[in-house]
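Structure, as structure tokens:
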Amino acid sequence: MNITVQPQQHGERIDIFLTAAEGIPTRSMAQKLLADENVTCNGKIIQKNYKVATGDVITFNIPEPQLSDAIAQEIPLDIVFEDNHLLVINKPQGIVVHPGAGNWQGTLVNALMHHCHGKLSGIGGVLRPGIVHRLDKDTSGLMVVAKNDIAHHGLAEQIASRNMARIYNALCFGTLAQDKIKIDVPIGRHPVSRTKMTVVTDPRHKARAATTYVETLERLGKYTLVSARLETGRTHQIRVHMAHIGHPVVGDMVYGRSNPPFAQQGQVLHAMQLSFVHPVTAQEMDFIAPWPEYFANAVKILREAL
């Protein structure tokens with residue numbers, strides 16, 4: 001696409017100028033196009049700090065989504081919403097989101113490759129096409145998936161700016177005394193077990209800020225049903241934070257305790273609500289996924305035991 005710089009735009013940085021163009025909704029996307037040399041000015045490659053001048057002809061190209069190295073597999077998907085730009089999926093417990101060591105097939109990405117005929121955003125790389133954010137294997141619930149890079153950039157920016165609302169329900173050990181808690185402690189890689197995350201209190205160790213807002217929904221004897229709203233989205237954040245305050249998620253064998261006295265495989269943690277602004281249409285989107293059977297059964301057993 002070609003755009004001629006108008007007098008009122010003279011002196012604007014090129015990334016800011018591009019953000020006003022059709023098809024480039026965010027500054028971060030404009031900067032990536034510049035970094036990938038998909039933008040020229042008067043036929044020449046330019047840098048991200050270039051300031052446009054009246055009469056400049058800016059040409060940019062938005063690459064088509066690339067086919068992923070992940071193989072397509074016909075696996076059922078619970079699709080809550082879909083259009084030409086994105087999908088909202090209700091992920092079941094027990095399915096891995098993307099291929100990786102030990103899980104090269106049977107993942108959510110393999111299913112998406114089949115459903116979308118390989119046309120997904122390529123920003124996440126060849127093994128994570130379309131994946132804007134993840135859920136752990138044994139966490140169920142809502143995820144948004146990007147079909148193209150425009151949608152991906154827009155959704156990722158909402159996560160980075162903390163404007164995407166993600167609310168989970170969880171069943172935790174112990175009786176939570178408070179009705180509302182703000183857990184605001186940084187999370188980093190465990191220094192010994194590198195597959196685990198941990199709360200980091202030593203400023204010399206690498207960590208990222210992490211904030212979770214927890215609200216008590218129901219006290220069930222020796223257990224508590226909670227709602228957890230993520231302000232940040234660190235790996236295993238809710239599981240690590242709840243374990244940190246002494247109330248690990250039921251069924252979490254990594255950060256928690258032994259299984260409760262009823263059959264439960266995996267943590268009782270469900271991404272129940274997802275809200276965001278559609279990155280292309282600007283429509284406000286709000287989705288709710290009711291508890292799946294495993295979650296409802298666990299709560300039912302505890303209620304009946306009271």
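Labeling convention for the structure tokens: chains A, B, ... as they appear, residues from 1 per chain, ligands from 1 in order of appearance.
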
Write out as a list in words all residues of range 29-156 of chain A that DSSP puts in helix (DSSP H, G or I) for this structure's backbone.
Met29, Ala30, Gln31, Lys32, Leu33, Leu34, Ala35, Leu108, Val109, Asn110, Ala111, Leu112, Met113, His114, His115, Asp149, Ile150, Ala151, His152, His153, Gly154, Leu155 and Ala156 of chain A

Using only C-alpha atoms, which protein or nucleic acid residues come within 9 Å of range 215-229 of chain A? Drop anything in the same chain fewer than 4 positions from it, and give the result as a VMD selection string.
chain A and resid 165 to 182 211 238 247 250 299 302 to 303 305 to 306

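Shortest atom-to-atom contact with Pro292 in chain A among A:Asn2, A:Thr139, A:Asn49, A:Thr59: A:Thr139, counting only C-alpha atoms.
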
Extract the full set of strand (DSSP E) residues from range 86-255 of chain A according to DSSP on the backbone, and format it as JSON, numbers by chain.
{"A": [86, 87, 88, 89, 90, 91, 140, 141, 142, 143, 144, 145, 146, 165, 166, 167, 168, 169, 170, 171, 172, 173, 180, 181, 182, 183, 184, 187, 188, 189, 197, 198, 199, 211, 212, 213, 214, 215, 216, 217, 218, 219, 220, 223, 224, 225, 226, 227, 228, 229, 230]}

Can you tell me which residues surround Ile183 in chain A at a distance of at most 9 Å, considering only C-alpha atoms, apart from same-chain residues fewer than 5 positions away, and format the answer as a CSV table (one decimal) with N, CA and C atoms, in the first residue's frame?
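Just written: out03.csv:
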chain,number,residue,atom,x,y,z
A,210,ALA,N,4.2,-9.5,39.1
A,210,ALA,CA,3.0,-10.3,38.9
A,210,ALA,C,2.0,-9.9,39.9
A,211,THR,N,0.7,-9.7,39.5
A,211,THR,CA,-0.4,-9.2,40.3
A,211,THR,C,-1.6,-10.1,40.1
A,212,THR,N,-2.2,-10.6,41.1
A,212,THR,CA,-3.4,-11.4,41.0
A,212,THR,C,-4.4,-10.9,42.1
A,213,TYR,N,-5.6,-10.6,41.6
A,213,TYR,CA,-6.7,-10.2,42.6
A,213,TYR,C,-7.6,-11.4,42.8
A,214,VAL,N,-7.7,-11.8,44.1
A,214,VAL,CA,-8.4,-13.0,44.5
A,214,VAL,C,-9.6,-12.6,45.3
A,241,HIS,N,1.0,-18.1,42.9
A,241,HIS,CA,0.6,-17.1,43.9
A,241,HIS,C,-0.3,-17.7,45.0
A,242,MET,N,-1.2,-18.6,44.6
A,242,MET,CA,-2.0,-19.3,45.6
A,242,MET,C,-1.2,-20.2,46.5
A,245,ILE,N,0.6,-18.0,49.2
A,245,ILE,CA,-0.2,-17.6,50.4
A,245,ILE,C,-0.7,-18.7,51.2

Just give me the gap between CA of Arg257 in chain A and CA of Pro99 in chain A in Å, one decimal is fine.
28.2 Å

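In this comparison, which uses only C-alpha atoms, the residue of A:His278, A:Lys137, A:Arg189, A:His85 approaching Val97 in chain A most closely is A:Lys137.
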
Would you mind listing what lies within 7 Å of range 89-91 of chain A as a count of residues only, with only C-alpha atoms counted and same-chain residues fewer than 3 positions away left out?
9

So what do you get for CA of His10 in chain A versus CA of Val52 in chain A, distance-wise?
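Interatomic distance, CA of His10 in chain A to CA of Val52 in chain A: 5.7 Å.
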
Contacts of Ile288 in chain A at 9 Å or less, counting only C-alpha atoms, minus same-chain residues fewer than 2 places along, as a PyMOL selection string?
chain A and resi 141-142+271-275+286+290

Got time to write the residues from that selection, N, CA and C atoms, as an mmCIF file, in the first residue's frame?
data_model
loop_
_atom_site.group_PDB
_atom_site.id
_atom_site.type_symbol
_atom_site.label_atom_id
_atom_site.label_comp_id
_atom_site.auth_asym_id
_atom_site.auth_seq_id
_atom_site.Cartn_x
_atom_site.Cartn_y
_atom_site.Cartn_z
ATOM 1 N N GLY A 141 -10.619 -23.767 29.881
ATOM 2 C CA GLY A 141 -11.256 -22.469 29.737
ATOM 3 C C GLY A 141 -10.903 -21.693 28.490
ATOM 4 N N LEU A 142 -11.178 -20.392 28.545
ATOM 5 C CA LEU A 142 -11.198 -19.524 27.370
ATOM 6 C C LEU A 142 -9.823 -19.028 26.952
ATOM 7 N N ALA A 271 -10.403 -21.013 33.271
ATOM 8 C CA ALA A 271 -10.458 -19.645 32.733
ATOM 9 C C ALA A 271 -11.898 -19.361 32.315
ATOM 10 N N MET A 272 -12.634 -18.717 33.198
ATOM 11 C CA MET A 272 -14.080 -18.619 33.053
ATOM 12 C C MET A 272 -14.543 -17.433 32.222
ATOM 13 N N GLN A 273 -13.826 -16.311 32.307
ATOM 14 C CA GLN A 273 -14.277 -15.098 31.606
ATOM 15 C C GLN A 273 -13.120 -14.451 30.871
ATOM 16 N N LEU A 274 -13.413 -13.986 29.655
ATOM 17 C CA LEU A 274 -12.411 -13.331 28.810
ATOM 18 C C LEU A 274 -13.067 -12.126 28.144
ATOM 19 N N SER A 275 -12.483 -10.952 28.341
ATOM 20 C CA SER A 275 -13.046 -9.732 27.762
ATOM 21 C C SER A 275 -11.938 -8.929 27.099
ATOM 22 N N ASP A 286 -17.047 -10.039 25.141
ATOM 23 C CA ASP A 286 -17.085 -10.574 26.499
ATOM 24 C C ASP A 286 -17.621 -11.998 26.442
ATOM 25 N N PRO A 290 -18.989 -21.685 31.253
ATOM 26 C CA PRO A 290 -19.399 -22.322 32.515
ATOM 27 C C PRO A 290 -18.407 -23.399 32.932
#

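For the choices A:Ala282, A:Val145, A:Ala53, A:Ala296, the atom-to-atom distance to Val268 in chain A is smallest for A:Ala296 when using only C-alpha atoms.
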
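Using only C-alpha atoms, the shortest contact distance between Ala207 in chain A and any of A:Leu86, A:Pro186, A:Leu155, A:Ser193 is found at A:Pro186.
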
Counting only C-alpha atoms, closest pick from A:Asn42, A:Thr198, A:Gln93, A:Asn148 relative to Glu293 in chain A is A:Gln93
